[in-house]
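Participant: Structure: entry.tsv, TSV, C-alpha atoms and all ligand atoms.
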chain	number	residue	atom	x	y	z
A	1	MET	CA	15.49	13.55	-11.08
A	2	LYS	CA	18.16	12.57	-8.57
A	3	ILE	CA	18.01	8.97	-7.41
A	4	ILE	CA	18.95	8.38	-3.79
A	5	GLN	CA	17.98	4.76	-3.41
A	6	LYS	CA	16.95	2.13	-5.96
A	7	ASP	CA	16.28	-1.37	-4.62
A	8	LYS	CA	13.65	-3.93	-5.48
A	9	GLU	CA	11.71	-2.98	-2.35
A	10	LYS	CA	12.39	0.72	-2.08
A	11	ALA	CA	13.04	3.66	-4.36
A	12	VAL	CA	13.72	7.23	-3.26
A	13	PHE	CA	14.32	10.17	-5.57
A	14	ILE	CA	14.38	13.94	-5.48
A	15	SER	CA	12.69	15.86	-8.24
A	16	GLU	CA	11.40	19.32	-9.00
A	17	ILE	CA	8.05	18.03	-10.20
A	18	ASP	CA	4.90	19.91	-9.37
A	19	GLU	CA	3.14	18.78	-6.22
A	20	SER	CA	-0.11	18.09	-8.12
A	21	LEU	CA	1.76	15.73	-10.46
A	22	ALA	CA	3.49	14.02	-7.51
A	23	ASN	CA	0.08	13.49	-5.94
A	24	ALA	CA	-1.36	12.14	-9.19
A	25	ILE	CA	1.47	9.57	-9.36
A	26	ARG	CA	0.90	8.65	-5.71
A	27	ARG	CA	-2.80	8.10	-6.24
A	28	SER	CA	-2.32	6.19	-9.49
A	29	ALA	CA	-0.26	3.51	-7.73
A	30	ASN	CA	-3.68	2.24	-6.70
A	31	GLU	CA	-4.68	1.82	-10.35
A	32	ILE	CA	-2.08	-0.84	-11.16
A	33	GLY	CA	-3.31	-4.39	-11.73
A	34	ILE	CA	-2.07	-6.46	-8.75
A	35	LEU	CA	-2.61	-10.16	-8.07
A	36	ALA	CA	-4.44	-11.22	-4.89
A	37	VAL	CA	-6.78	-13.96	-3.77
A	38	ASP	CA	-10.37	-12.86	-4.21
A	39	GLU	CA	-12.40	-16.01	-3.69
A	40	VAL	CA	-11.86	-18.98	-1.39
A	41	GLU	CA	-13.77	-22.25	-1.39
A	42	ILE	CA	-13.24	-24.03	1.91
A	43	SER	CA	-14.10	-27.73	1.93
A	44	LYS	CA	-12.64	-28.62	5.31
A	45	ASN	CA	-11.80	-26.42	8.29
A	46	ASP	CA	-11.32	-27.97	11.71
A	47	SER	CA	-9.21	-25.05	12.95
A	48	VAL	CA	-10.25	-22.59	15.68
A	49	LEU	CA	-10.64	-19.80	13.10
A	50	TYR	CA	-13.87	-19.19	11.21
A	51	ASP	CA	-13.85	-19.69	7.41
A	52	GLU	CA	-14.26	-15.93	6.93
A	53	ILE	CA	-11.13	-15.10	8.95
A	54	ILE	CA	-9.04	-17.64	7.04
A	55	ALA	CA	-10.35	-16.30	3.71
A	56	HIS	CA	-9.53	-12.75	4.80
A	57	ARG	CA	-5.99	-13.71	5.85
A	58	ILE	CA	-5.36	-15.49	2.55
A	59	GLY	CA	-6.65	-12.45	0.66
A	60	LEU	CA	-4.06	-10.24	2.33
A	61	ILE	CA	-1.07	-12.45	1.45
A	62	PRO	CA	1.06	-10.61	-1.15
A	63	LEU	CA	1.58	-12.76	-4.27
A	64	LYS	CA	4.29	-12.31	-6.91
A	65	ASN	CA	2.50	-10.55	-9.75
A	66	GLU	CA	1.61	-12.48	-12.89
A	67	LYS	CA	0.68	-11.12	-16.28
A	68	LEU	CA	-3.05	-11.74	-16.38
A	69	LYS	CA	-5.98	-10.00	-17.97
A	70	LEU	CA	-8.17	-7.85	-15.78
A	71	ARG	CA	-11.37	-9.77	-15.27
A	72	GLU	CA	-13.55	-7.01	-16.69
A	73	ASP	CA	-11.44	-6.88	-19.90
A	74	CYS	CA	-11.33	-10.67	-20.35
A	75	ASP	CA	-13.11	-12.68	-23.06
A	76	CYS	CA	-14.96	-14.62	-20.35
A	77	LYS	CA	-16.82	-11.38	-19.48
A	78	GLY	CA	-16.07	-11.58	-15.77
A	79	LYS	CA	-16.96	-15.22	-15.16
A	80	GLY	CA	-13.34	-16.13	-14.49
A	81	CYS	CA	-11.11	-18.30	-16.72
A	82	MET	CA	-7.46	-19.34	-17.20
A	83	LYS	CA	-6.59	-15.97	-18.76
A	84	CYS	CA	-7.80	-13.89	-15.84
A	85	MET	CA	-7.58	-16.19	-12.83
A	86	ILE	CA	-5.06	-18.39	-11.01
A	87	GLN	CA	-6.13	-21.31	-8.87
A	88	LEU	CA	-4.24	-22.15	-5.66
A	89	LYS	CA	-4.75	-25.21	-3.52
A	90	LEU	CA	-4.07	-25.66	0.16
A	91	SER	CA	-4.23	-28.92	2.02
A	92	ALA	CA	-2.75	-29.20	5.52
A	93	LYS	CA	-3.00	-31.49	8.50
A	94	GLY	CA	-2.05	-30.69	12.09
A	95	PRO	CA	-0.18	-30.46	14.32
A	96	GLY	CA	1.64	-27.39	12.98
A	97	THR	CA	1.31	-23.92	11.54
A	98	VAL	CA	-0.10	-23.40	8.06
A	99	TYR	CA	2.02	-20.86	6.18
A	100	SER	CA	1.63	-18.86	2.97
A	101	LYS	CA	4.07	-21.25	1.24
A	102	ASP	CA	1.49	-24.06	1.64
A	103	LEU	CA	-0.62	-22.40	-1.06
A	104	LYS	CA	0.28	-24.40	-4.16
A	105	GLY	CA	-0.38	-23.31	-7.71
A	106	LYS	CA	0.87	-21.08	-10.52
A	107	ALA	CA	1.25	-18.07	-8.22
A	108	GLU	CA	3.78	-17.77	-5.44
A	109	ALA	CA	3.60	-15.89	-2.13
A	110	VAL	CA	6.16	-13.09	-1.80
A	111	TYR	CA	7.04	-14.20	1.72
A	112	GLU	CA	6.95	-17.90	2.56
A	113	LYS	CA	6.38	-17.69	6.27
A	114	ILE	CA	3.19	-15.68	6.67
A	115	PRO	CA	1.14	-17.67	9.22
A	116	ILE	CA	-2.45	-18.47	8.24
A	117	VAL	CA	-3.60	-20.65	11.15
A	118	ILE	CA	-2.24	-23.08	13.77
A	119	LEU	CA	-3.66	-26.60	13.53
A	120	GLN	CA	-3.81	-28.97	16.50
A	121	ASP	CA	-3.21	-32.70	16.24
A	122	GLY	CA	-5.64	-34.25	13.74
A	123	GLN	CA	-7.15	-30.94	12.58
A	124	GLU	CA	-7.36	-30.42	8.84
A	125	LEU	CA	-7.65	-27.47	6.46
A	126	GLU	CA	-8.54	-27.89	2.82
A	127	LEU	CA	-9.39	-25.13	0.41
A	128	VAL	CA	-9.12	-23.78	-3.10
A	129	ALA	CA	-8.29	-20.08	-3.57
A	130	PHE	CA	-8.80	-18.03	-6.72
A	131	ALA	CA	-6.44	-15.11	-7.36
A	132	ARG	CA	-7.12	-12.37	-9.87
A	133	LEU	CA	-5.81	-8.93	-10.80
A	134	GLY	CA	-7.42	-5.98	-9.08
A	135	LYS	CA	-6.71	-2.36	-8.30
A	136	GLY	CA	-5.98	-0.70	-4.97
A	137	ILE	CA	-8.95	1.64	-5.45
A	138	GLU	CA	-11.11	-1.48	-5.13
A	139	HIS	CA	-9.48	-3.08	-2.08
A	140	ALA	CA	-6.24	-2.47	-0.14
A	141	LYS	CA	-5.03	-6.02	-0.84
A	142	PHE	CA	-4.50	-4.97	-4.48
A	143	SER	CA	-2.27	-2.03	-3.53
A	144	PRO	CA	1.35	-2.55	-4.63
A	145	GLY	CA	2.99	-0.67	-1.76
A	146	LEU	CA	3.39	2.66	-0.03
A	147	VAL	CA	3.89	5.74	-2.18
A	148	TYR	CA	4.41	9.09	-0.50
A	149	TYR	CA	6.34	12.32	-0.84
A	150	ARG	CA	7.28	15.43	1.06
A	151	ASN	CA	8.99	18.70	0.44
A	152	PHE	CA	12.76	18.73	0.46
A	153	ALA	CA	14.11	20.74	3.39
A	154	ASP	CA	16.13	23.92	2.93
A	155	ILE	CA	18.18	24.19	6.12
A	156	GLU	CA	20.20	27.26	6.89
A	157	ILE	CA	22.56	27.56	9.88
A	158	LYS	CA	24.28	30.79	10.78
A	159	ASN	CA	25.87	32.36	13.89
A	160	CYS	CA	26.14	28.95	15.57
A	161	ASN	CA	27.84	28.99	18.97
A	162	GLY	CA	28.59	25.25	18.81
A	163	CYS	CA	26.50	24.20	21.84
A	164	LYS	CA	25.73	20.84	20.17
A	165	GLU	CA	22.20	20.75	21.61
A	166	CYS	CA	20.69	20.32	18.14
A	167	VAL	CA	22.74	17.17	17.53
A	168	GLU	CA	20.95	15.47	20.42
A	169	ALA	CA	17.59	17.03	19.60
A	170	CYS	CA	17.30	15.69	16.04
A	171	PRO	CA	15.26	12.47	16.35
A	172	LEU	CA	16.69	11.20	13.05
A	173	GLY	CA	20.30	11.99	14.03
A	174	LEU	CA	20.98	13.97	10.86
A	175	ILE	CA	23.11	16.75	12.41
A	176	LYS	CA	26.83	16.24	12.83
A	177	LEU	CA	28.87	18.87	14.65
A	178	GLU	CA	32.63	18.98	14.27
A	179	LYS	CA	33.81	22.57	13.90
A	180	LYS	CA	30.57	23.76	12.38
A	181	PRO	CA	27.20	22.01	12.13
A	182	GLU	CA	26.65	19.89	9.06
A	183	ILE	CA	23.59	18.01	7.98
A	184	GLU	CA	23.89	14.55	6.54
A	185	ASN	CA	21.24	13.07	4.24
A	186	ILE	CA	19.01	16.14	4.23
A	187	TRP	CA	16.42	14.17	2.23
A	188	LYS	CA	15.61	12.25	5.42
A	189	CYS	CA	14.59	15.47	7.21
A	190	ASP	CA	10.83	15.50	7.84
A	191	LEU	CA	10.72	19.17	8.86
A	192	CYS	CA	9.93	18.38	12.53
A	193	GLU	CA	11.87	21.48	13.63
A	194	ALA	CA	13.14	19.89	16.88
A	195	CYS	CA	16.54	21.48	16.19
A	196	VAL	CA	15.00	24.93	15.66
A	197	GLU	CA	13.10	24.64	18.90
A	198	ILE	CA	16.04	23.62	21.07
A	199	CYS	CA	18.21	26.32	19.49
A	200	ARG	CA	15.63	28.99	20.38
A	201	LYS	CA	15.34	27.61	23.92
A	202	LYS	CA	19.08	28.08	24.33
A	203	GLY	CA	18.64	31.75	23.44
A	204	ASN	CA	20.04	31.38	19.94
A	205	ASP	CA	18.17	31.53	16.67
A	206	SER	CA	20.65	30.12	14.20
A	207	ILE	CA	18.65	27.42	12.43
A	208	THR	CA	15.93	28.07	9.88
A	209	ILE	CA	14.15	25.29	8.02
A	210	LYS	CA	12.00	25.94	4.99
A	211	PRO	CA	10.33	23.50	2.63
A	212	SER	CA	11.97	23.86	-0.78
A	213	SER	CA	10.31	23.54	-4.18
A	214	GLU	CA	11.88	20.12	-4.66
A	215	ILE	CA	10.04	16.97	-3.65
A	216	VAL	CA	11.42	13.78	-2.11
A	217	PHE	CA	9.44	10.85	-3.46
A	218	PHE	CA	9.35	7.49	-1.67
A	219	ILE	CA	8.12	4.17	-3.05
A	220	GLU	CA	8.05	1.11	-0.80
A	221	SER	CA	6.91	-2.09	-2.46
A	222	TRP	CA	5.08	-4.93	-0.69
A	223	GLY	CA	6.92	-7.27	-3.06
A	224	MET	CA	4.32	-8.04	-5.76
A	225	ILE	CA	6.17	-5.83	-8.25
A	226	GLU	CA	9.45	-3.89	-7.94
A	227	ALA	CA	9.50	-0.31	-6.67
A	228	LYS	CA	10.58	1.12	-10.05
A	229	GLU	CA	7.71	-0.75	-11.74
A	230	ILE	CA	5.26	0.89	-9.34
A	231	LEU	CA	6.47	4.27	-10.61
A	232	SER	CA	6.39	3.39	-14.32
A	233	GLU	CA	3.04	1.60	-14.13
A	234	ALA	CA	1.49	4.41	-12.09
A	235	VAL	CA	2.59	6.82	-14.82
A	236	ASP	CA	1.07	4.50	-17.45
A	237	ALA	CA	-2.18	4.49	-15.45
A	238	ILE	CA	-2.27	8.31	-15.52
A	239	LYS	CA	-1.72	8.26	-19.30
A	240	GLU	CA	-4.55	5.74	-19.76
A	241	ASN	CA	-6.93	7.82	-17.67
A	242	LEU	CA	-6.00	10.98	-19.57
A	243	LYS	CA	-6.77	9.16	-22.83
A	244	ILE	CA	-10.26	8.36	-21.55
A	245	ILE	CA	-10.78	12.01	-20.58
A	246	SER	CA	-9.62	13.36	-23.95
A	247	LYS	CA	-11.85	10.86	-25.78
A	248	ALA	CA	-14.83	11.96	-23.70
A	301	ZN	ZN	-11.38	-14.63	-18.03
Please, can you express the file's structure as structure tokens?
Facilitator:
Amino acid sequence: MKIIQKDKEKAVFISEIDESLANAIRRSANEIGILAVDEVEISKNDSVLYDEIIAHRIGLIPLKNEKLKLREDCDCKGKGCMKCMIQLKLSAKGPGTVYSKDLKGKAEAVYEKIPIVILQDGQELELVAFARLGKGIEHAKFSPGLVYYRNFADIEIKNCNGCKECVEACPLGLIKLEKKPEIENIWKCDLCEACVEICRKKGNDSITIKPSSEIVFFIESWGMIEAKEILSEAVDAIKENLKIISKA
């Protein structure tokens, strides 16, 4: 495994893992327990938006993940209690914009300035929101981020006449041409073949691109958990599911 990028928000690595395993990891990112608001009790809403729209917007606000029990595994048997639920309160009075940071409680929004609604002078919004852990397979708001992969590109250049057309043609600007063409950051190549096309048009056929057996794996977090945690917890989810299969 060769790591190209490792930040809180994004991780990129190249690996020779099998495509079926890469796909299993990708899919299992949606089996990680992620915190999101699931129920909203609105006691006052003078704003121009319906209760349902406000509830939907609050549901989609990414929250920093907390260690909670999944509701179905909790002692309360799904009723909702302190161990499996976090309560957030919002109370705002216009004029002004109500932001995600106005949700007060034991969970915190990843980004403070996500607008919920604009209140005019004298308008009020009062509500209680209940956040719980859920999985992306249930609803997209519980998904931790984007996980995707593609084949690593094998690019071969021979008999180049140095016309430089391919440098312009590459939409990602990966080709540099000094004395001979060189490709920078090949992992960014998405096999669009724009360079191959323009080279052929110019009567040359010097570039060939083939997908290699290696895979470039991308993880982009929405901020609830770090990118590397998405990978490790997705792998844990696969292990758990395999345990269930072997037991059965
Ligand atoms: Zn509970």
Participant: What residues have any atom no more than 8 Å from ligand ZN 301 (chain A) when counting only C-alpha atoms and all ligand atoms, and can you list them as an MDAnalysis selection string?
Facilitator: chainID A and resid 69:71 73:85
Participant: Can you tell me, as a ChimeraX atom specification, what residues are no more than 12 Å from A:Cys199 when counting all atoms listed in the file, ignoring any on the same chain fewer than 2 positions away?
Facilitator: /A:157-170,193-197,201-208
Participant: Counting all atoms listed in the file, which residue out of A:Glu31, A:Asp18, A:Glu9, A:Glu184 sits closest to A:Glu226?
Facilitator: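 Checking each candidate against A:Glu226, we get A:Glu9 as the closest.
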Participant: Between A:Ile244, A:Leu60, A:Val117, A:Ile53, which residue has the minimum interatomic distance to A:Trp222, considering only C-alpha atoms?
Facilitator: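 Once distances to A:Trp222 are computed over only C-alpha atoms, the minimum belongs to A:Leu60.
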Participant: What lies within 8 Å of A:Gly136 using all atoms listed in the file, ignoring chain neighbours under 5 positions off, as a PyMOL selection string?
Facilitator: chain A and resi 29-32+34+141-144
Participant: If I take atom CA of A:Ala153 and atom CA of A:Ile209, how far is one from the other in Å, to one decimal?
Facilitator: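 Computing it gives 6.5 Å between the two atoms.
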Participant: A:Cys189, A:Ala55, A:Leu146, A:Ala109: which is nearest A:Val128, counting all atoms listed in the file?
Facilitator: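 Smallest distance to A:Val128 is found for A:Ala55.
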Participant: So which one's closest to A:Arg26, A:Glu126, A:Glu233, A:Glu138, A:Glu39? Using only C-alpha atoms, please.
Facilitator: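 Selected residue with least distance to A:Arg26: A:Glu233.
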Participant: Taking (-9.5, -16.1, 5.5) in the file's coordinates as the center, which residues reach within 12 Å of it, counting only C-alpha atoms, put as a PDB file with C-alpha atoms, keeping the file's coordinate frame?
Facilitator:
ATOM      1  CA  VAL A  37      -6.780 -13.960  -3.770  1.00  0.00           C
ATOM      2  CA  ASP A  38     -10.370 -12.860  -4.210  1.00  0.00           C
ATOM      3  CA  GLU A  39     -12.400 -16.010  -3.690  1.00  0.00           C
ATOM      4  CA  VAL A  40     -11.860 -18.980  -1.390  1.00  0.00           C
ATOM      5  CA  GLU A  41     -13.770 -22.250  -1.390  1.00  0.00           C
ATOM      6  CA  ILE A  42     -13.240 -24.030   1.910  1.00  0.00           C
ATOM      7  CA  ASN A  45     -11.800 -26.420   8.290  1.00  0.00           C
ATOM      8  CA  SER A  47      -9.210 -25.050  12.950  1.00  0.00           C
ATOM      9  CA  LEU A  49     -10.640 -19.800  13.100  1.00  0.00           C
ATOM     10  CA  TYR A  50     -13.870 -19.190  11.210  1.00  0.00           C
ATOM     11  CA  ASP A  51     -13.850 -19.690   7.410  1.00  0.00           C
ATOM     12  CA  GLU A  52     -14.260 -15.930   6.930  1.00  0.00           C
ATOM     13  CA  ILE A  53     -11.130 -15.100   8.950  1.00  0.00           C
ATOM     14  CA  ILE A  54      -9.040 -17.640   7.040  1.00  0.00           C
ATOM     15  CA  ALA A  55     -10.350 -16.300   3.710  1.00  0.00           C
ATOM     16  CA  HIS A  56      -9.530 -12.750   4.800  1.00  0.00           C
ATOM     17  CA  ARG A  57      -5.990 -13.710   5.850  1.00  0.00           C
ATOM     18  CA  ILE A  58      -5.360 -15.490   2.550  1.00  0.00           C
ATOM     19  CA  GLY A  59      -6.650 -12.450   0.660  1.00  0.00           C
ATOM     20  CA  LEU A  60      -4.060 -10.240   2.330  1.00  0.00           C
ATOM     21  CA  ILE A  61      -1.070 -12.450   1.450  1.00  0.00           C
ATOM     22  CA  SER A 100       1.630 -18.860   2.970  1.00  0.00           C
ATOM     23  CA  PRO A 115       1.140 -17.670   9.220  1.00  0.00           C
ATOM     24  CA  ILE A 116      -2.450 -18.470   8.240  1.00  0.00           C
ATOM     25  CA  VAL A 117      -3.600 -20.650  11.150  1.00  0.00           C
ATOM     26  CA  LEU A 125      -7.650 -27.470   6.460  1.00  0.00           C
ATOM     27  CA  LEU A 127      -9.390 -25.130   0.410  1.00  0.00           C
ATOM     28  CA  VAL A 128      -9.120 -23.780  -3.100  1.00  0.00           C
ATOM     29  CA  ALA A 129      -8.290 -20.080  -3.570  1.00  0.00           C
TER      30      ALA A 129
END
Participant: Give as a count of residues only the set of residues within 7 Å of the point (-3.0, -13.1, -12.4), where distances use the file's coordinates and all atoms listed in the file.
Facilitator: 11
Participant: Extract, using all atoms listed in the file, all DNA, RNA and protein residues at most 6 Å from A:Val216, discarding same-chain residues fewer than 3 positions from it, and format them as a PyMOL selection string.
Facilitator: chain A and resi 13-14+149-150+152
Participant: Go ahead and compute the interatomic distance for atom CA of A:Leu63 and atom CA of A:Val110, in Å to one decimal.
Facilitator: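 Here the two named atoms are 5.2 Å from each other.
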Participant: Restricting the calculation to all atoms listed in the file, which member of A:Lys247, A:Lys135, A:Lys239, A:Lys104 is positioned closest to A:Ala24?
Facilitator: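 Selected residue with least distance to A:Ala24: A:Lys239.
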Participant: In Å, with one decimal, what is the gap from atom CA of A:Ile219 to atom CA of A:Gly105?
Facilitator: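 If I compute the distance from atom CA of A:Ile219 to atom CA of A:Gly105, I get 29.1 Å.
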Participant: Neighbours of A:Glu220 within 10 Å (all atoms listed in the file; same-chain residues fewer than 3 positions away dropped), as a list of chain:residue names?
Facilitator: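 Counting only the stated atoms, we get A:Asp7, A:Lys8, A:Glu9, A:Lys10, A:Ala11, A:Val12, A:Pro144, A:Gly145, A:Leu146, A:Val147, A:Tyr148, A:Gly223, A:Glu226, A:Ala227, A:Lys228, A:Ile230.
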Participant: Check the smallest atom-to-atom distance from each of A:Ala140, A:Ile25, A:Leu103, A:Val98 to A:Ser232 using all atoms listed in the file, then report the winner.
Facilitator: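 Looking only at the distances to A:Ser232, the closest residue turns out to be A:Ile25.
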Participant: As an mmCIF file, keeping the file's coordinate frame, could you write out stretch 3-36 of chain A once it has been completed with N, CA and C atoms?
Facilitator:
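New file rebuild.cif:
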data_model
loop_
_atom_site.group_PDB
_atom_site.id
_atom_site.type_symbol
_atom_site.label_atom_id
_atom_site.label_comp_id
_atom_site.auth_asym_id
_atom_site.auth_seq_id
_atom_site.Cartn_x
_atom_site.Cartn_y
_atom_site.Cartn_z
ATOM 1 N N ILE A 3 18.364 10.207 -8.114
ATOM 2 C CA ILE A 3 18.010 8.970 -7.410
ATOM 3 C C ILE A 3 18.884 8.789 -6.177
ATOM 4 N N ILE A 4 18.229 8.579 -5.039
ATOM 5 C CA ILE A 4 18.950 8.380 -3.790
ATOM 6 C C ILE A 4 19.059 6.890 -3.468
ATOM 7 N N GLN A 5 17.974 6.183 -3.701
ATOM 8 C CA GLN A 5 17.980 4.760 -3.410
ATOM 9 C C GLN A 5 17.179 4.038 -4.490
ATOM 10 N N LYS A 6 17.687 2.887 -4.952
ATOM 11 C CA LYS A 6 16.950 2.130 -5.960
ATOM 12 C C LYS A 6 17.141 0.644 -5.705
ATOM 13 N N ASP A 7 16.270 0.077 -4.875
ATOM 14 C CA ASP A 7 16.280 -1.370 -4.620
ATOM 15 C C ASP A 7 14.994 -1.951 -5.176
ATOM 16 N N LYS A 8 14.893 -3.284 -5.078
ATOM 17 C CA LYS A 8 13.650 -3.930 -5.480
ATOM 18 C C LYS A 8 12.503 -3.441 -4.602
ATOM 19 N N GLU A 9 12.783 -3.319 -3.295
ATOM 20 C CA GLU A 9 11.710 -2.980 -2.350
ATOM 21 C C GLU A 9 11.482 -1.486 -2.216
ATOM 22 N N LYS A 10 12.549 -0.696 -2.380
ATOM 23 C CA LYS A 10 12.390 0.720 -2.080
ATOM 24 C C LYS A 10 13.097 1.600 -3.107
ATOM 25 N N ALA A 11 12.432 2.672 -3.487
ATOM 26 C CA ALA A 11 13.040 3.660 -4.360
ATOM 27 C C ALA A 11 12.799 5.040 -3.763
ATOM 28 N N VAL A 12 13.843 5.862 -3.748
ATOM 29 C CA VAL A 12 13.720 7.230 -3.260
ATOM 30 C C VAL A 12 14.389 8.143 -4.281
ATOM 31 N N PHE A 13 13.678 9.204 -4.683
ATOM 32 C CA PHE A 13 14.320 10.170 -5.570
ATOM 33 C C PHE A 13 13.854 11.583 -5.264
ATOM 34 N N ILE A 14 14.706 12.525 -5.659
ATOM 35 C CA ILE A 14 14.380 13.940 -5.480
ATOM 36 C C ILE A 14 14.091 14.510 -6.855
ATOM 37 N N SER A 15 13.033 15.304 -6.943
ATOM 38 C CA SER A 15 12.690 15.860 -8.240
ATOM 39 C C SER A 15 12.001 17.206 -8.042
ATOM 40 N N GLU A 16 12.072 18.033 -9.095
ATOM 41 C CA GLU A 16 11.400 19.320 -9.000
ATOM 42 C C GLU A 16 10.013 19.278 -9.618
ATOM 43 N N ILE A 17 9.383 18.113 -9.614
ATOM 44 C CA ILE A 17 8.050 18.030 -10.200
ATOM 45 C C ILE A 17 7.037 18.792 -9.353
ATOM 46 N N ASP A 18 5.983 19.187 -10.021
ATOM 47 C CA ASP A 18 4.900 19.910 -9.370
ATOM 48 C C ASP A 18 4.212 19.002 -8.350
ATOM 49 N N GLU A 19 3.747 19.605 -7.265
ATOM 50 C CA GLU A 19 3.140 18.780 -6.220
ATOM 51 C C GLU A 19 1.874 18.074 -6.724
ATOM 52 N N SER A 20 1.117 18.728 -7.612
ATOM 53 C CA SER A 20 -0.110 18.090 -8.120
ATOM 54 C C SER A 20 0.221 16.843 -8.953
ATOM 55 N N LEU A 21 1.351 16.903 -9.681
ATOM 56 C CA LEU A 21 1.760 15.730 -10.460
ATOM 57 C C LEU A 21 2.244 14.623 -9.528
ATOM 58 N N ALA A 22 3.009 15.004 -8.496
ATOM 59 C CA ALA A 22 3.490 14.020 -7.510
ATOM 60 C C ALA A 22 2.297 13.315 -6.873
ATOM 61 N N ASN A 23 1.272 14.075 -6.559
ATOM 62 C CA ASN A 23 0.080 13.490 -5.940
ATOM 63 C C ASN A 23 -0.674 12.584 -6.906
ATOM 64 N N ALA A 24 -0.693 12.970 -8.173
ATOM 65 C CA ALA A 24 -1.360 12.140 -9.190
ATOM 66 C C ALA A 24 -0.639 10.798 -9.318
ATOM 67 N N ILE A 25 0.694 10.821 -9.280
ATOM 68 C CA ILE A 25 1.470 9.570 -9.360
ATOM 69 C C ILE A 25 1.184 8.723 -8.127
ATOM 70 N N ARG A 26 1.160 9.373 -6.958
ATOM 71 C CA ARG A 26 0.900 8.650 -5.710
ATOM 72 C C ARG A 26 -0.449 7.938 -5.759
ATOM 73 N N ARG A 27 -1.461 8.680 -6.195
ATOM 74 C CA ARG A 27 -2.800 8.100 -6.240
ATOM 75 C C ARG A 27 -2.918 6.998 -7.289
ATOM 76 N N SER A 28 -2.190 7.151 -8.391
ATOM 77 C CA SER A 28 -2.320 6.190 -9.490
ATOM 78 C C SER A 28 -1.658 4.857 -9.189
ATOM 79 N N ALA A 29 -0.839 4.796 -8.135
ATOM 80 C CA ALA A 29 -0.260 3.510 -7.730
ATOM 81 C C ALA A 29 -1.387 2.542 -7.383
ATOM 82 N N ASN A 30 -2.531 3.080 -7.010
ATOM 83 C CA ASN A 30 -3.680 2.240 -6.700
ATOM 84 C C ASN A 30 -4.516 1.894 -7.925
ATOM 85 N N GLU A 31 -3.977 2.177 -9.117
ATOM 86 C CA GLU A 31 -4.680 1.820 -10.350
ATOM 87 C C GLU A 31 -3.862 0.824 -11.166
ATOM 88 N N ILE A 32 -2.896 0.176 -10.499
ATOM 89 C CA ILE A 32 -2.080 -0.840 -11.160
ATOM 90 C C ILE A 32 -2.716 -2.201 -10.896
ATOM 91 N N GLY A 33 -2.752 -3.051 -11.903
ATOM 92 C CA GLY A 33 -3.310 -4.390 -11.730
ATOM 93 C C GLY A 33 -2.396 -5.260 -10.868
ATOM 94 N N ILE A 34 -2.870 -5.672 -9.701
ATOM 95 C CA ILE A 34 -2.070 -6.460 -8.750
ATOM 96 C C ILE A 34 -2.808 -7.753 -8.426
ATOM 97 N N LEU A 35 -2.029 -8.837 -8.328
ATOM 98 C CA LEU A 35 -2.610 -10.160 -8.070
ATOM 99 C C LEU A 35 -2.907 -10.353 -6.579
ATOM 100 N N ALA A 36 -4.110 -10.844 -6.268
ATOM 101 C CA ALA A 36 -4.440 -11.220 -4.890
ATOM 102 C C ALA A 36 -5.595 -12.214 -4.916
#
